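> File name coords_29.csv; file contents CSV, C-alpha atoms; full text below.
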```csv
chain,number,residue,atom,x,y,z
A,1,MET,CA,-55.0,14.5,-4.4
A,2,ARG,CA,-53.3,11.5,-6.0
A,3,LYS,CA,-50.1,13.6,-6.8
A,4,ILE,CA,-50.0,14.9,-3.2
A,5,ALA,CA,-50.3,11.4,-1.8
A,6,SER,CA,-47.5,10.2,-4.0
A,7,LYS,CA,-45.2,13.0,-2.9
A,8,GLU,CA,-46.0,12.4,0.7
A,9,LEU,CA,-45.4,8.7,0.2
A,10,ALA,CA,-42.0,9.4,-1.3
A,11,ILE,CA,-41.0,11.7,1.5
A,12,ALA,CA,-42.1,9.3,4.2
A,13,SER,CA,-40.1,6.4,2.6
A,14,MET,CA,-37.0,8.4,2.2
A,15,ALA,CA,-37.1,9.5,5.8
A,16,VAL,CA,-37.1,5.8,6.7
A,17,VAL,CA,-34.1,5.3,4.3
A,18,ALA,CA,-32.3,8.1,6.2
A,19,ILE,CA,-32.9,6.3,9.6
A,20,ALA,CA,-31.7,3.0,8.2
A,21,ILE,CA,-28.6,4.4,6.6
A,22,SER,CA,-27.6,6.3,9.7
A,23,GLY,CA,-28.1,3.3,11.9
A,24,ALA,CA,-26.1,1.1,9.5
A,25,MET,CA,-23.2,3.5,9.4
A,26,ARG,CA,-23.0,3.5,13.2
A,27,ALA,CA,-23.2,-0.3,13.2
A,28,HIS,CA,-20.5,-1.1,10.6
A,29,SER,CA,-16.8,-1.4,11.5
A,30,GLY,CA,-15.7,1.9,10.0
A,31,ALA,CA,-12.5,1.2,8.1
A,32,PRO,CA,-10.7,-1.5,6.0
A,33,GLY,CA,-7.9,-3.2,7.8
A,34,ALA,CA,-9.5,-3.4,11.3
A,35,PRO,CA,-8.6,0.2,12.6
A,36,PRO,CA,-8.1,0.9,16.3
A,37,ALA,CA,-11.2,1.5,18.3
A,38,ALA,CA,-9.8,4.8,19.7
A,39,LEU,CA,-7.7,7.3,17.9
A,40,PRO,CA,-4.0,7.2,18.8
A,41,GLY,CA,-1.9,10.2,19.9
A,42,ASN,CA,-0.6,10.9,16.4
A,43,CYS,CA,-4.2,12.0,15.4
A,44,THR,CA,-5.7,15.4,15.9
A,45,ASP,CA,-9.3,16.6,15.3
A,46,ILE,CA,-9.4,20.1,13.8
A,47,ALA,CA,-12.0,22.7,12.8
A,48,HIS,CA,-9.9,25.0,10.5
A,49,PRO,CA,-9.0,25.3,7.7
A,50,PHE,CA,-11.3,22.3,7.3
A,51,ALA,CA,-13.3,20.2,9.6
A,52,GLY,CA,-11.9,16.7,10.2
A,53,THR,CA,-9.0,14.7,11.6
A,54,ILE,CA,-5.3,14.7,10.7
A,55,CYS,CA,-3.2,11.6,11.5
A,56,VAL,CA,0.6,11.6,10.9
A,57,PRO,CA,3.1,8.7,10.7
A,58,ARG,CA,5.3,8.0,13.7
A,59,ASP,CA,8.6,7.7,11.8
A,60,ASP,CA,11.3,10.3,11.5
A,61,ALA,CA,11.0,10.9,7.7
A,62,ARG,CA,10.7,14.6,6.9
A,63,LYS,CA,8.4,14.3,3.9
A,64,HIS,CA,5.5,11.9,3.4
A,65,PRO,CA,2.9,11.3,0.8
A,66,ALA,CA,-0.6,12.5,1.9
A,67,MET,CA,-4.2,11.3,1.5
A,68,ILE,CA,-7.5,13.1,1.7
A,69,LEU,CA,-10.3,10.8,2.9
A,70,LEU,CA,-14.0,11.5,2.1
A,71,GLY,CA,-16.8,9.5,3.6
A,72,GLY,CA,-20.3,8.9,2.2
A,73,SER,CA,-23.9,10.1,2.6
A,74,GLU,CA,-23.8,9.5,6.3
A,75,GLY,CA,-22.0,12.9,6.5
A,76,GLY,CA,-19.8,14.2,9.3
A,77,ASN,CA,-16.3,13.1,10.0
A,78,SER,CA,-17.0,9.5,9.4
A,79,LEU,CA,-13.5,8.3,8.2
A,80,ARG,CA,-11.5,9.6,11.2
A,81,ALA,CA,-10.6,6.1,12.2
A,82,LEU,CA,-9.4,5.3,8.6
A,83,ALA,CA,-7.0,8.3,8.8
A,84,ALA,CA,-5.2,6.4,11.6
A,85,VAL,CA,-4.9,3.3,9.4
A,86,PHE,CA,-3.4,5.4,6.6
A,87,ALA,CA,-0.9,7.0,9.0
A,88,GLN,CA,0.2,3.5,10.0
A,89,LYS,CA,1.0,2.9,6.4
A,90,GLY,CA,3.2,6.0,6.2
A,91,TYR,CA,0.8,8.7,4.9
A,92,VAL,CA,-0.2,12.0,6.4
A,93,ALA,CA,-3.9,11.4,6.3
A,94,ALA,CA,-6.8,13.9,6.6
A,95,SER,CA,-10.3,12.8,7.1
A,96,VAL,CA,-12.4,15.7,5.7
A,97,ALA,CA,-16.0,16.4,6.6
A,98,TYR,CA,-18.0,18.1,3.8
A,99,PHE,CA,-21.5,18.3,5.3
A,100,GLY,CA,-23.4,17.5,8.4
A,101,MET,CA,-21.2,19.3,10.9
A,102,PRO,CA,-21.2,22.8,12.4
A,103,GLY,CA,-20.1,25.4,9.8
A,104,LEU,CA,-20.8,23.0,6.9
A,105,PRO,CA,-23.9,22.5,4.8
A,106,PRO,CA,-26.5,20.5,6.8
A,107,ASP,CA,-27.4,18.2,3.9
A,108,LEU,CA,-25.9,16.8,0.7
A,109,VAL,CA,-27.0,19.8,-1.3
A,110,ASP,CA,-24.8,22.4,-2.9
A,111,VAL,CA,-21.7,21.2,-1.1
A,112,PRO,CA,-18.7,23.3,-2.2
A,113,VAL,CA,-16.0,21.4,-4.0
A,114,GLU,CA,-13.7,24.1,-2.4
A,115,THR,CA,-14.0,22.1,0.9
A,116,VAL,CA,-11.6,19.6,-0.6
A,117,GLY,CA,-9.5,22.4,-2.1
A,118,ALA,CA,-9.0,23.9,1.4
A,119,ALA,CA,-7.9,20.5,2.7
A,120,LEU,CA,-5.6,20.1,-0.3
A,121,ASP,CA,-4.0,23.5,0.3
A,122,ALA,CA,-3.5,22.8,4.0
A,123,LEU,CA,-1.8,19.5,3.4
A,124,ALA,CA,0.5,20.9,0.7
A,125,LYS,CA,1.8,23.6,3.1
A,126,ARG,CA,2.7,21.1,5.8
A,127,PRO,CA,6.5,20.6,6.3
A,128,ASP,CA,5.9,16.8,6.7
A,129,VAL,CA,4.1,16.5,3.3
A,130,ASP,CA,5.5,16.1,-0.2
A,131,SER,CA,3.1,18.3,-2.0
A,132,ARG,CA,3.7,16.4,-5.3
A,133,ARG,CA,2.3,13.2,-3.7
A,134,ILE,CA,-1.2,13.9,-2.5
A,135,GLY,CA,-4.0,11.5,-3.3
A,136,VAL,CA,-7.7,11.3,-2.4
A,137,PHE,CA,-9.8,8.3,-1.2
A,138,GLY,CA,-13.6,8.5,-1.4
A,139,ASP,CA,-16.3,6.1,-0.3
A,140,SER,CA,-19.7,6.0,-2.1
A,141,ARG,CA,-20.9,9.6,-2.4
A,142,GLY,CA,-17.4,10.5,-1.1
A,143,GLY,CA,-16.0,8.6,-4.1
A,144,GLU,CA,-18.2,10.8,-6.3
A,145,LEU,CA,-16.7,13.9,-4.7
A,146,ALA,CA,-13.2,12.4,-4.9
A,147,LEU,CA,-13.5,12.1,-8.7
A,148,LEU,CA,-15.0,15.5,-9.0
A,149,ALA,CA,-12.3,17.1,-6.8
A,150,ALA,CA,-9.5,15.4,-8.8
A,151,SER,CA,-11.1,16.7,-12.0
A,152,THR,CA,-11.0,20.2,-10.5
A,153,TYR,CA,-7.6,20.3,-8.7
A,154,PRO,CA,-4.6,19.2,-10.8
A,155,ARG,CA,-2.5,18.9,-7.6
A,156,ILE,CA,-4.2,15.6,-6.8
A,157,ALA,CA,-1.9,12.9,-8.0
A,158,ALA,CA,-4.0,9.7,-7.4
A,159,VAL,CA,-7.6,8.8,-6.8
A,160,VAL,CA,-9.1,5.7,-5.1
A,161,GLY,CA,-12.8,5.5,-5.5
A,162,ASP,CA,-14.6,2.9,-3.4
A,163,VAL,CA,-18.0,2.1,-5.0
A,164,PRO,CA,-18.0,5.7,-6.5
A,165,ALA,CA,-19.9,7.4,-9.3
A,166,PRO,CA,-18.2,9.4,-12.1
A,167,PHE,CA,-21.1,11.8,-12.4
A,168,ALA,CA,-23.2,13.8,-9.9
A,169,SER,CA,-26.4,12.0,-8.8
A,170,MET,CA,-29.3,13.7,-7.0
A,171,GLY,CA,-28.7,15.8,-3.9
A,172,LEU,CA,-30.1,14.5,-0.6
A,173,GLY,CA,-31.9,17.1,1.5
A,174,ALA,CA,-33.5,16.9,4.9
A,175,ASN,CA,-34.2,13.3,5.9
A,176,ASP,CA,-32.3,12.2,2.7
A,177,VAL,CA,-35.2,13.2,0.5
A,178,PRO,CA,-33.9,13.8,-3.1
A,179,ALA,CA,-33.5,17.5,-3.5
A,180,GLY,CA,-31.4,19.7,-5.8
A,181,CYS,CA,-27.9,18.8,-6.7
A,182,PRO,CA,-25.0,17.7,-4.3
A,183,TRP,CA,-22.1,19.8,-5.5
A,184,SER,CA,-21.3,23.4,-6.2
A,185,LEU,CA,-18.2,25.2,-7.6
A,186,ASN,CA,-17.5,29.0,-7.4
A,187,GLY,CA,-20.9,29.4,-5.7
A,188,LYS,CA,-22.9,27.8,-8.5
A,189,PRO,CA,-24.6,24.4,-8.4
A,190,LEU,CA,-23.1,21.7,-10.7
A,191,PRO,CA,-25.5,19.7,-12.9
A,192,CYS,CA,-26.7,16.3,-11.6
A,193,VAL,CA,-28.9,13.4,-12.5
A,194,PRO,CA,-32.3,14.0,-10.8
A,195,ALA,CA,-34.3,11.3,-9.1
A,196,ASP,CA,-36.7,9.4,-11.4
A,197,PRO,CA,-40.2,9.9,-9.9
A,198,ALA,CA,-41.6,6.5,-10.8
A,199,ALA,CA,-38.7,4.6,-9.3
A,200,ASN,CA,-38.8,6.8,-6.2
A,201,ALA,CA,-42.5,6.0,-5.7
A,202,ARG,CA,-41.8,2.2,-6.1
A,203,ILE,CA,-39.2,2.4,-3.4
A,204,ALA,CA,-41.6,4.3,-1.2
A,205,ARG,CA,-44.3,1.7,-1.5
A,206,ALA,CA,-41.8,-1.1,-0.7
A,207,PHE,CA,-40.6,0.7,2.4
A,208,LEU,CA,-44.0,1.3,3.7
A,209,ALA,CA,-45.0,-2.3,3.0
A,210,HIS,CA,-42.1,-3.4,5.2
A,211,ARG,CA,-40.4,-5.3,2.4
A,212,GLN,CA,-36.7,-5.6,1.5
A,213,VAL,CA,-35.6,-2.5,-0.3
A,214,ALA,CA,-32.6,-1.8,-2.6
A,215,LEU,CA,-31.9,1.7,-3.8
A,216,GLU,CA,-30.0,0.5,-6.8
A,217,PRO,CA,-33.1,0.6,-9.1
A,218,LEU,CA,-33.7,4.2,-8.2
A,219,TYR,CA,-30.2,5.3,-9.2
A,220,ASP,CA,-30.2,3.1,-12.3
A,221,ALA,CA,-33.5,4.4,-13.5
A,222,SER,CA,-32.5,7.9,-12.8
A,223,ARG,CA,-29.2,7.5,-14.8
A,224,LEU,CA,-30.9,5.9,-17.7
A,225,ALA,CA,-34.0,8.1,-17.9
A,226,ASN,CA,-32.3,11.0,-19.6
A,227,PRO,CA,-28.9,10.2,-21.2
A,228,ALA,CA,-28.4,13.9,-22.0
A,229,LEU,CA,-28.7,14.9,-18.3
A,230,THR,CA,-26.3,12.1,-17.3
A,231,ARG,CA,-23.7,13.3,-19.9
A,232,ALA,CA,-24.1,16.9,-18.5
A,233,ALA,CA,-23.5,15.6,-15.0
A,234,PHE,CA,-20.4,13.5,-15.9
A,235,PHE,CA,-17.1,14.8,-14.5
A,236,HIS,CA,-14.2,15.9,-16.7
A,237,LEU,CA,-12.1,12.9,-15.6
A,238,GLU,CA,-9.6,13.5,-18.4
A,239,ARG,CA,-8.4,16.5,-16.3
A,240,ILE,CA,-7.2,14.2,-13.5
A,241,HIS,CA,-3.4,14.5,-13.2
A,242,GLY,CA,-2.8,10.9,-12.0
A,243,PRO,CA,-4.2,7.4,-12.2
A,244,VAL,CA,-7.6,6.3,-11.0
A,245,LEU,CA,-8.4,3.1,-9.0
A,246,CYS,CA,-12.0,2.2,-9.0
A,247,LEU,CA,-13.3,-0.5,-6.6
A,248,ALA,CA,-16.8,-2.0,-7.1
A,249,GLY,CA,-19.1,-4.6,-5.6
A,250,ALA,CA,-20.7,-6.8,-8.2
A,251,ASP,CA,-23.7,-7.2,-5.9
A,252,ASP,CA,-23.9,-3.6,-4.8
A,253,ARG,CA,-27.6,-3.0,-4.0
A,254,MET,CA,-27.3,0.7,-3.0
A,255,TRP,CA,-26.3,1.7,-6.5
A,256,ASN,CA,-24.7,0.1,-9.4
A,257,SER,CA,-21.0,0.6,-8.6
A,258,SER,CA,-20.0,-2.0,-11.2
A,259,ALA,CA,-21.6,-0.1,-14.0
A,260,GLN,CA,-20.4,3.2,-12.7
A,261,CYS,CA,-16.7,2.0,-12.5
A,262,SER,CA,-17.1,0.7,-16.0
A,263,LEU,CA,-18.4,4.1,-17.2
A,264,ALA,CA,-15.5,5.8,-15.5
A,265,LEU,CA,-12.9,3.6,-17.1
A,266,ALA,CA,-14.5,3.7,-20.5
A,267,TYR,CA,-14.6,7.5,-20.3
A,268,LEU,CA,-10.9,7.7,-19.3
A,269,LYS,CA,-9.9,5.4,-22.1
A,270,ALA,CA,-12.0,7.3,-24.7
A,271,HIS,CA,-10.4,10.5,-23.6
A,272,ARG,CA,-6.9,9.0,-23.8
A,273,HIS,CA,-6.2,9.6,-20.1
A,274,PRO,CA,-2.4,9.0,-20.0
A,275,TYR,CA,-2.2,7.2,-16.7
A,276,PRO,CA,-2.5,3.5,-15.5
A,277,ASP,CA,-6.2,3.6,-14.5
A,278,ARG,CA,-7.6,0.4,-13.1
A,279,ALA,CA,-11.0,-1.0,-12.0
A,280,PHE,CA,-11.7,-4.1,-9.9
A,281,ASP,CA,-15.2,-5.6,-9.7
A,282,TYR,CA,-15.6,-8.1,-6.8
A,283,PRO,CA,-18.2,-10.9,-7.0
A,284,GLU,CA,-20.6,-11.4,-4.1
A,285,ALA,CA,-19.5,-8.0,-2.7
A,286,GLY,CA,-21.9,-5.3,-1.7
A,287,HIS,CA,-21.8,-1.6,-1.1
A,288,LEU,CA,-20.0,-1.8,2.2
A,289,PHE,CA,-17.5,-4.6,1.3
A,290,LEU,CA,-14.3,-2.6,1.9
A,291,PHE,CA,-15.3,-2.1,5.6
A,292,ALA,CA,-15.8,-5.9,6.4
A,293,SER,CA,-12.9,-6.6,8.7
A,294,SER,CA,-14.3,-10.2,9.1
A,295,PRO,CA,-17.3,-12.1,7.8
A,296,GLN,CA,-19.1,-11.4,11.1
A,297,ALA,CA,-18.4,-7.6,10.7
A,298,ALA,CA,-19.8,-7.5,7.1
A,299,LEU,CA,-23.0,-5.5,6.8
A,300,VAL,CA,-25.1,-6.7,3.9
A,301,SER,CA,-28.5,-5.3,5.1
A,302,TYR,CA,-30.0,-3.3,7.9
A,303,ARG,CA,-33.5,-3.5,9.3
A,304,SER,CA,-35.2,-0.3,10.4
A,305,ALA,CA,-38.9,0.7,11.0
A,306,GLY,CA,-40.0,-2.7,9.8
A,307,ALA,CA,-38.3,-2.5,6.4
A,308,THR,CA,-34.9,-4.0,5.4
A,309,LEU,CA,-32.4,-1.8,3.5
A,310,LEU,CA,-30.2,-4.0,1.3
A,311,PHE,CA,-26.5,-3.1,0.9
A,312,GLY,CA,-25.8,-6.3,-1.1
A,313,GLY,CA,-23.1,-8.9,-0.9
A,314,THR,CA,-22.6,-11.9,1.4
A,315,PRO,CA,-20.6,-12.0,4.6
A,316,GLN,CA,-17.9,-14.2,3.0
A,317,GLY,CA,-18.0,-12.3,-0.3
A,318,ASP,CA,-17.6,-8.9,1.4
A,319,TYR,CA,-14.7,-10.2,3.6
A,320,ALA,CA,-12.9,-11.7,0.6
A,321,ALA,CA,-13.4,-8.5,-1.4
A,322,ALA,CA,-12.2,-6.4,1.5
A,323,ARG,CA,-9.0,-8.3,1.7
A,324,ALA,CA,-8.4,-8.1,-2.1
A,325,GLY,CA,-9.6,-4.5,-2.3
A,326,ALA,CA,-7.3,-3.4,0.5
A,327,LYS,CA,-4.4,-5.1,-1.1
A,328,ALA,CA,-5.1,-3.5,-4.4
A,329,MET,CA,-5.5,-0.1,-2.9
A,330,TRP,CA,-2.3,-0.2,-0.8
A,331,SER,CA,-0.3,-1.6,-3.8
A,332,PHE,CA,-1.7,1.1,-6.1
A,333,LEU,CA,-0.9,3.9,-3.7
A,334,ALA,CA,2.5,2.6,-3.0
A,335,ALA,CA,3.3,2.6,-6.7
A,336,VAL,CA,1.9,6.0,-7.4
A,337,LEU,CA,2.6,8.1,-4.2
A,338,ARG,CA,5.6,6.2,-2.7
A,339,GLY,CA,7.4,5.2,-5.8
A,340,SER,CA,8.7,7.0,-8.8
A,341,GLN,CA,5.5,7.1,-10.9
A,342,VAL,CA,4.5,10.7,-9.9
A,343,ALA,CA,7.8,12.1,-11.2
A,344,ALA,CA,7.8,9.9,-14.3
A,345,ALA,CA,6.1,10.5,-17.6
A,346,PRO,CA,2.5,9.0,-17.5
A,347,ARG,CA,1.8,5.8,-19.3
A,348,ARG,CA,-1.4,3.9,-20.2
A,349,GLU,CA,-2.5,0.7,-18.5
A,350,ASP,CA,-6.3,0.3,-18.4
A,351,SER,CA,-7.5,-3.0,-17.0
A,352,ARG,CA,-10.7,-4.5,-15.8
A,353,ARG,CA,-10.8,-7.6,-13.5
A,354,SER,CA,-13.9,-9.5,-12.7
A,355,SER,CA,-12.8,-12.0,-10.0
A,356,THR,CA,-11.5,-11.5,-6.5
A,357,SER,CA,-8.7,-14.1,-7.0
A,358,ASN,CA,-7.5,-12.3,-10.1
A,359,SER,CA,-7.6,-8.9,-8.5
A,360,VAL,CA,-4.8,-9.7,-6.0
A,361,ARG,CA,-2.3,-11.3,-8.4
```
Write the structure described by the file as structure tokens, please.


Amino acid sequence: MRKIASKELAIASMAVVAIAISGAMRAHSGAPGAPPAALPGNCTDIAHPFAGTICVPRDDARKHPAMILLGGSEGGNSLRALAAVFAQKGYVAASVAYFGMPGLPPDLVDVPVETVGAALDALAKRPDVDSRRIGVFGDSRGGELALLAASTYPRIAAVVGDVPAPFASMGLGANDVPAGCPWSLNGKPLPCVPADPAANARIARAFLAHRQVALEPLYDASRLANPALTRAAFFHLERIHGPVLCLAGADDRMWNSSAQCSLALAYLKAHRHPYPDRAFDYPEAGHLFLFASSPQAALVSYRSAGATLLFGGTPQGDYAAARAGAKAMWSFLAAVLRGSQVAAAPRREDSRRSSTSNSVR
């Protein structure tokens, strides 16, 4: 009876987590750089060959670099507004849904990496896209998928991971209850780090006691519980045919994006990845820092069903990090996809910055 009660407790708590996360995602501003509230006429929602939104630049240039945009565990086509921002910057941008929409997996379980491959192929065939200059941006679990996809498809020439993970964490089934593994390739599930039962139960008790709750201890405990499983779930980042930019919040309370970016950069360095990989770790920044278009728009926590889910950061810290992170991202992409770096021989330039002021210089 005690085991059954613990299981039911965990399921109940994770259902509350799902409600809190969904509400928070609806509440936050949705894209770095204060995107327009409504999509402009240069954006089109599509259902095939992938579900999402394509936005194109308004200028007369025949060929543009392109970006694939992948949202997080909220699912659906959550970055469609961000596609419009990328188009304003001169990119053909595709916001790609990978679960939680008709025709896609309902949950973050066994999601085919081929979903990104289909979007990549579609962009490469467009007459307004330079197929040598296609990058991918991923936020949170979308950053996890971005690193996996770039490790799978050599056509991807640049990766921006916003609070990502370089390995597969637990899948999230109905009501965001940990279940299975999130990604599949060629019809087979890829290995992942399973949820640690004891840490999951502690989070359950905190939620049901209406306390403040951070999910970071669950992800950290799960990652550290079995190093062999974490190694098996780590992506082959050395196969990425371009540089990686990793953006982390030093006060991320959803998961430890600082540690995960450090692991990614250390792996790339150990495997002699011949590209200028970079990571920036912003102080007083939480999980949603990049989407803070102002201190007032920063979302550092969200209250639901009596409990408070913590995203981390402070309003000012998130806003400062958003400005620095956006500047770092646009500079990185301009150098890689709009400059001569794609055609040039790769070079090594690993760096790790720990302060927001340093990161923008």

> Which residues come within 9 Å of region 94-111 of chain A, counting all atoms listed in the file, excluding same-chain residues fewer than 5 positions away, as a PyMOL selection string?

chain A and resi 50-56+66-71+73-83+116+119+123+170-176+179-185+187-190

> Given the choices A:Ala279, A:Ala201, A:Leu145, A:Leu288, which gets closest to Ser301 (chain A) if the distance is worked out from all atoms listed in the file?

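Nearest candidate to Ser301 (chain A) out of A:Ala279, A:Ala201, A:Leu145, A:Leu288: A:Leu288.
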
> Have a look at CA of Ser131 (chain A) and CA of Gly90 (chain A) and let me know their distance in Å, one decimal.

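Here the two named atoms are 14.8 Å from each other.
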
> Using all atoms listed in the file, can you tell me which of A:Val193, A:Leu208, A:Val213, A:Val129 comes closest to Pro227 (chain A)?

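Once distances to Pro227 (chain A) are computed over all atoms listed in the file, the minimum belongs to A:Val193.
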
> Given the choices A:Pro295, A:Pro276, A:Pro191, A:Gly312, which gets closest to Asp251 (chain A) if the distance is worked out from all atoms listed in the file?

A:Gly312

> With distances taken over all atoms listed in the file, which of A:Phe86, A:Phe280, A:Tyr91, A:Tyr153 is nearest to Ser258 (chain A)?

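For Ser258 (chain A), the nearest of the given residues is A:Phe280.
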
> Grab the CA of Leu263 (chain A) to CA of Ala204 (chain A) distance for me, in Å with one decimal place.

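Straight-line distance from CA of Leu263 (chain A) to CA of Ala204 (chain A) works out to 28.2 Å.
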
> Between CA of Lys269 (chain A) and CA of Gly325 (chain A), what is the distance in Å, rounded to a tenth?

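Separation between CA of Lys269 (chain A) and CA of Gly325 (chain A): 22.1 Å.
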
> For Val92 (chain A), which residue out of A:Val113, A:Ala118, A:Met254, A:Ile134 is the nearest one, using all atoms listed in the file?

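The answer is A:Ile134, which sits nearest to Val92 (chain A).
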
> Using all atoms listed in the file, determine which residues lie at most 12 Å from Ala199 (chain A), disregarding the query and same-chain residues fewer than 2 positions distant; provide the list as a list in words.

Ser6, Ala10, Pro194, Ala195, Asp196, Pro197, Ala201, Arg202, Ile203, Ala204, Arg205, Ala206, Val213, Ala214, Leu215, Glu216, Pro217, Leu218, Tyr219, Asp220, Ala221, Ser222, Arg223, Leu224 and Ala225 of chain A

> What residues have an atom no more than 7 Å from (6.5, 12.1, 4.6) in the file's own frame, counting all atoms listed in the file, and can you write them as an NGL selection string?

:A and (61-65 or 91-92 or 128-130)

> Excluding Ser257 (chain A) and residues on its chain fewer than 3 positions from it, collect all residues at most 10 Å away from it, counting all atoms listed in the file, and give them as a PyMOL selection string.

chain A and resi 140+162-166+216+246-254+260-263+281+286-287

> Pick out the residues sitting within 8 Å of Ala307 (chain A), and hand them over as an MDAnalysis selection string; count all atoms listed in the file, and ignore anything fewer than 6 positions along from it in its own chain.

chainID A and resid 207:213
